[in-house]
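Visitor: Attaching a single structure in structure tokens format; questions to follow.
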Amino acid sequence: MFEVAMLVNSVCGVLVAVWLLWRARKQSDLQALAGFAIMMAIWCFGHVVLFQGYEQIGIHIILANPLMPTFFLHFAIRFVNSGSVKEPMLERLYQVVPWFYLTSFVVVLQSWWIGAGDAISTLETRSFFIFTEAGAWNLAYTVLIGILAHGVLLFGWYRHSGNKKRSILAMFGVGAWGLLLATSFVFPSFGISWFPYPMLLLPTYLLLLVYAVVRYQILSVNAFANRALLWVAMMLVILCVIAVISVVSGRLGLQALANVPGWQLWLYSLLILVVAAVIYQPLSRLVSRLIYPGASLNEAVLDTWSTQLKEAHDWPQLTTIGERLLSLQIRRSVAIQLQRTAYPMKEQDDVLAIRVSRSESDWHFVLIGWEDASPGMRLTAEVFASLFSTSCGLLERSLALAVAERKRMDEQHLVELGSLSAAMAHELRNPLNIISMAAYDAPAETRQHIQTQLKRADRLVSDMLVYSGGLTLQVVVTPLRSLIASILAQAQLEGMAFELDIDEAIELDADPQRLQQVFINLIDNAVSFLRNMPEGKLSIEAKEEDQQIVIQVHNNGPAIDPSLQGEALFQPFVTKRAGGSGLGLAIVRRIVDAHGGKIRHRSDSAWPVTFELILPRHFSGVAISNREFHDTK
């Protein structure tokens with residue numbers, strides 16, 4: 001059993017080393033671990049050689065054991081000094097790694113020279129390795145390098161976090177297990193008769209060590225570990241069953257079964273387990289075809305479905321791809337009904353369909369018209385529908401992210417545009433002032449014409465500054481009637497009739513300067529259209545409803561063009577007013593929105609033109625910047 005265990009460990013070491021070297025093309029820190037696996041394979045093979053009577057060869061191989069911890073030290077330094085941890089101390093230690101290898105070779109050569117190992121015959125005259133007194137240096141050096149390697153791992157456990165920290169902790173546990181097993185080969189040197197029984201489990205050490213290292217780096221190794229653990233569990237169950245059979249069979253009168261050696265029962269059971277594992281997949285596929293005829297689902301088909309469904313960029317494309325994939329698989333036409341609303345969809349007779357709908361939390365599917373389909377076709381449809389539902393969720397999140405990104409880019413563009421407008425407005429003020437001063441000596445008619453145009457340009461610049469600049473509110477309790485009355489008193493109404501129907505008690509939380517700007521713009525707009533009308537009239541009324549102030553500004557001027565009504569009326573640079581900037585109503589809406597209110601044009605009143613403002617009685621917002629305004633809007 002000892003010889004078989006050592007051979008198994010040698011083969012495992014070579015296979016693991018080859019696998020690690022293959023993986024090391026992408027992960028160079030695994031090269032040193034591959035060297036450790038090779039040295040362990042050679043070391044175990046030395047015990048087999050010695051066991052077979054080739055004493056000198058076996059002793060020389062076993063005395064090369066200082067190279068094992070040297071490779072492991074090399075691996076530990078590379079493994080720890082990576083990722084977020086870059087320590088100068090480890091860098092310096094890595095630079096002297098070649099000296100560790102050189103020292104280890106010197107120790108091995110010295111051990112061969114001075115005869116640090118010997119062999120004794122125990123257990124049916126078979127030879128086992130022991131250290132001589134001169135071999136204490138070899139053993140001490142090997143232990144010292146092993147302690148240094150685990151010290152590096154301990155430092156890495158202290159500095160790292162997450163998966164790497166968990167890997168290091170697992171390596172410590174596996175290292176303790178390997179130390180308990182591997183050091184048993186020195187027991188004969190101290191007259192302890194436990195050897196070689198602990199070393200029978202030595203093959204588990206290397207496999208567990210590699211698994212502890214790569215389980216978070218190479219996910220495919222977890223599937224292998226899952227199958228291996230299942231095999232171990234099954235063998236343990238078989239051993240327990242055989243033990244019970246050996247005890248109970250004699251008492252039940254099954255003397256022939258009781259006389260069978262336990263190792264034969266275990267061997268037969270293990271053979272049955274191997275046969276069952278070999279024929280499991282073919283039998284599973286055969287049974288699946290019998291129960292679900294026509295269904296040929298496998299990993300390749302599912303991978304193809306998943307890949308092609310992920311290529312869809314919108315809902316019609318996803319539906320088209322889904323119908324094509326499923327129809328091709330079952331060789332019948334299938335319709336996919338994508339229901340993203342709460343409205344019911346009409347069912348069609350004699351049509352295979354899958355209805356995928358959105359609930360509050362997730363996507364669900366229902367098979368429609370599949371009652372007469374074969375079990376295989378129905379299974380294929382259920383699997384595909386489940387995968388399609390998952391793809392719907394992925395597409396929904398992808399589209400939501402795209403919308404959010406577009407919104408962010410639009411908001412960024414608006415902010416940049418506002419900054420540019422503000423800069424241009426400030427720059428325009430300088431040439432306008434120069435023109436104004438230069439026109440001082442011009443003829444009166446020319447000067448008046450220039451001043452008129454300069455006022456128009458200055459108004460446009462002022463509007464641009466207001467619209468593009470930051471909007472901060474200084475909210476106080478504001479009496480509405482007195483504020484609007486003061487504006488009307490200063491307005492150039494030119495004999496125009498006006499009415500003010502606002503109760504003195506109406507007050508609201510607002511910024512009086514900004515609110516004054518709102519009514520100045522609305523009144524100026526009305527006056528510009530009423531100026532040439534003989535019976536022009538302006539009316540402003542307000543009332544309080546459910547903690548809101550409803551204000552209506554009427555005038556009997558010409559009705560607004562239907563093409564401008566609605567949202568377009570409040571867009572910047574939209575105007576029918578001669579000399580207007582097109583920013584007045586856009587500024588009004590911005591200020592009203594900042595107060596948490598609403599403004600709209602009403603065409604259903606008795607007046608040709610009516611603007612209705614709805615402002616909250618109590619303001620609950622905060623100061624709003626340019627960007628915050630666009631968010632609110």
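By order of appearance in the structure tokens: chains A, B, ..., then residues from 1 within every chain, and ligands from 1 in the order shown.
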I need the residues in region 374-556 of chain A that are strand (DSSP E) according to DSSP; give them as a ChimeraX atom specification.
Guide: /A:476-479,497-501,507-510,537-545,548-555
Visitor: Do you know which residues are at most 7 Å from Cys44 (chain A) counting only C-alpha atoms, after dropping those on the same chain fewer than 6 positions away, and could you put them as a list of chain:residue names?
Guide: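 Result of the neighbour search: A:Met6, A:Asn9, A:Ser10.
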Visitor: Store the residues picked out above, limited to C-alpha atoms, as a CSV table (one decimal), in the first residue's frame.
Guide:
```csv
chain,number,residue,atom,x,y,z
A,6,MET,CA,4.1,6.8,-3.4
A,9,ASN,CA,1.7,10.7,-5.6
A,10,SER,CA,4.5,10.6,-8.2
```
Visitor: Excluding Glu91 (chain A) and any residue of its chain fewer than 6 positions from it, enumerate the residues within 12 Å of it, using only C-alpha atoms, and give them as a PDB file with N, CA and C atoms, in the first residue's frame.
Guide:
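Final output, saved to result.pdb:
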```
ATOM      1  N   HIS A  74       9.769  30.186  -3.522  1.00  0.00           N
ATOM      2  CA  HIS A  74       9.700  30.959  -4.762  1.00  0.00           C
ATOM      3  C   HIS A  74       8.242  31.264  -5.124  1.00  0.00           C
ATOM      4  N   ILE A  77       6.552  33.851  -2.640  1.00  0.00           N
ATOM      5  CA  ILE A  77       6.929  35.252  -2.874  1.00  0.00           C
ATOM      6  C   ILE A  77       6.177  35.817  -4.069  1.00  0.00           C
ATOM      7  N   ARG A  78       6.111  35.063  -5.173  1.00  0.00           N
ATOM      8  CA  ARG A  78       5.411  35.538  -6.365  1.00  0.00           C
ATOM      9  C   ARG A  78       3.910  35.664  -6.111  1.00  0.00           C
ATOM     10  N   VAL A  80       2.304  36.190  -3.193  1.00  0.00           N
ATOM     11  CA  VAL A  80       1.958  37.246  -2.240  1.00  0.00           C
ATOM     12  C   VAL A  80       2.245  38.624  -2.821  1.00  0.00           C
ATOM     13  N   ASN A  81       3.393  38.763  -3.492  1.00  0.00           N
ATOM     14  CA  ASN A  81       3.803  40.068  -4.004  1.00  0.00           C
ATOM     15  C   ASN A  81       3.169  40.339  -5.374  1.00  0.00           C
ATOM     16  N   SER A  82       1.871  40.347  -5.414  1.00  0.00           N
ATOM     17  CA  SER A  82       1.126  40.574  -6.653  1.00  0.00           C
ATOM     18  C   SER A  82      -0.162  41.292  -6.333  1.00  0.00           C
ATOM     19  N   VAL A  85      -0.680  44.291  -3.477  1.00  0.00           N
ATOM     20  CA  VAL A  85       0.445  44.248  -2.532  1.00  0.00           C
ATOM     21  C   VAL A  85       1.747  44.240  -3.320  1.00  0.00           C
ATOM     22  N   VAL A  97      16.246  34.937  -4.611  1.00  0.00           N
ATOM     23  CA  VAL A  97      15.747  33.571  -4.794  1.00  0.00           C
ATOM     24  C   VAL A  97      16.774  32.676  -5.493  1.00  0.00           C
ATOM     25  N   VAL A 152       6.206  34.060   4.652  1.00  0.00           N
ATOM     26  CA  VAL A 152       5.798  34.940   3.550  1.00  0.00           C
ATOM     27  C   VAL A 152       4.287  34.857   3.332  1.00  0.00           C
TER      28      VAL A 152
END
```
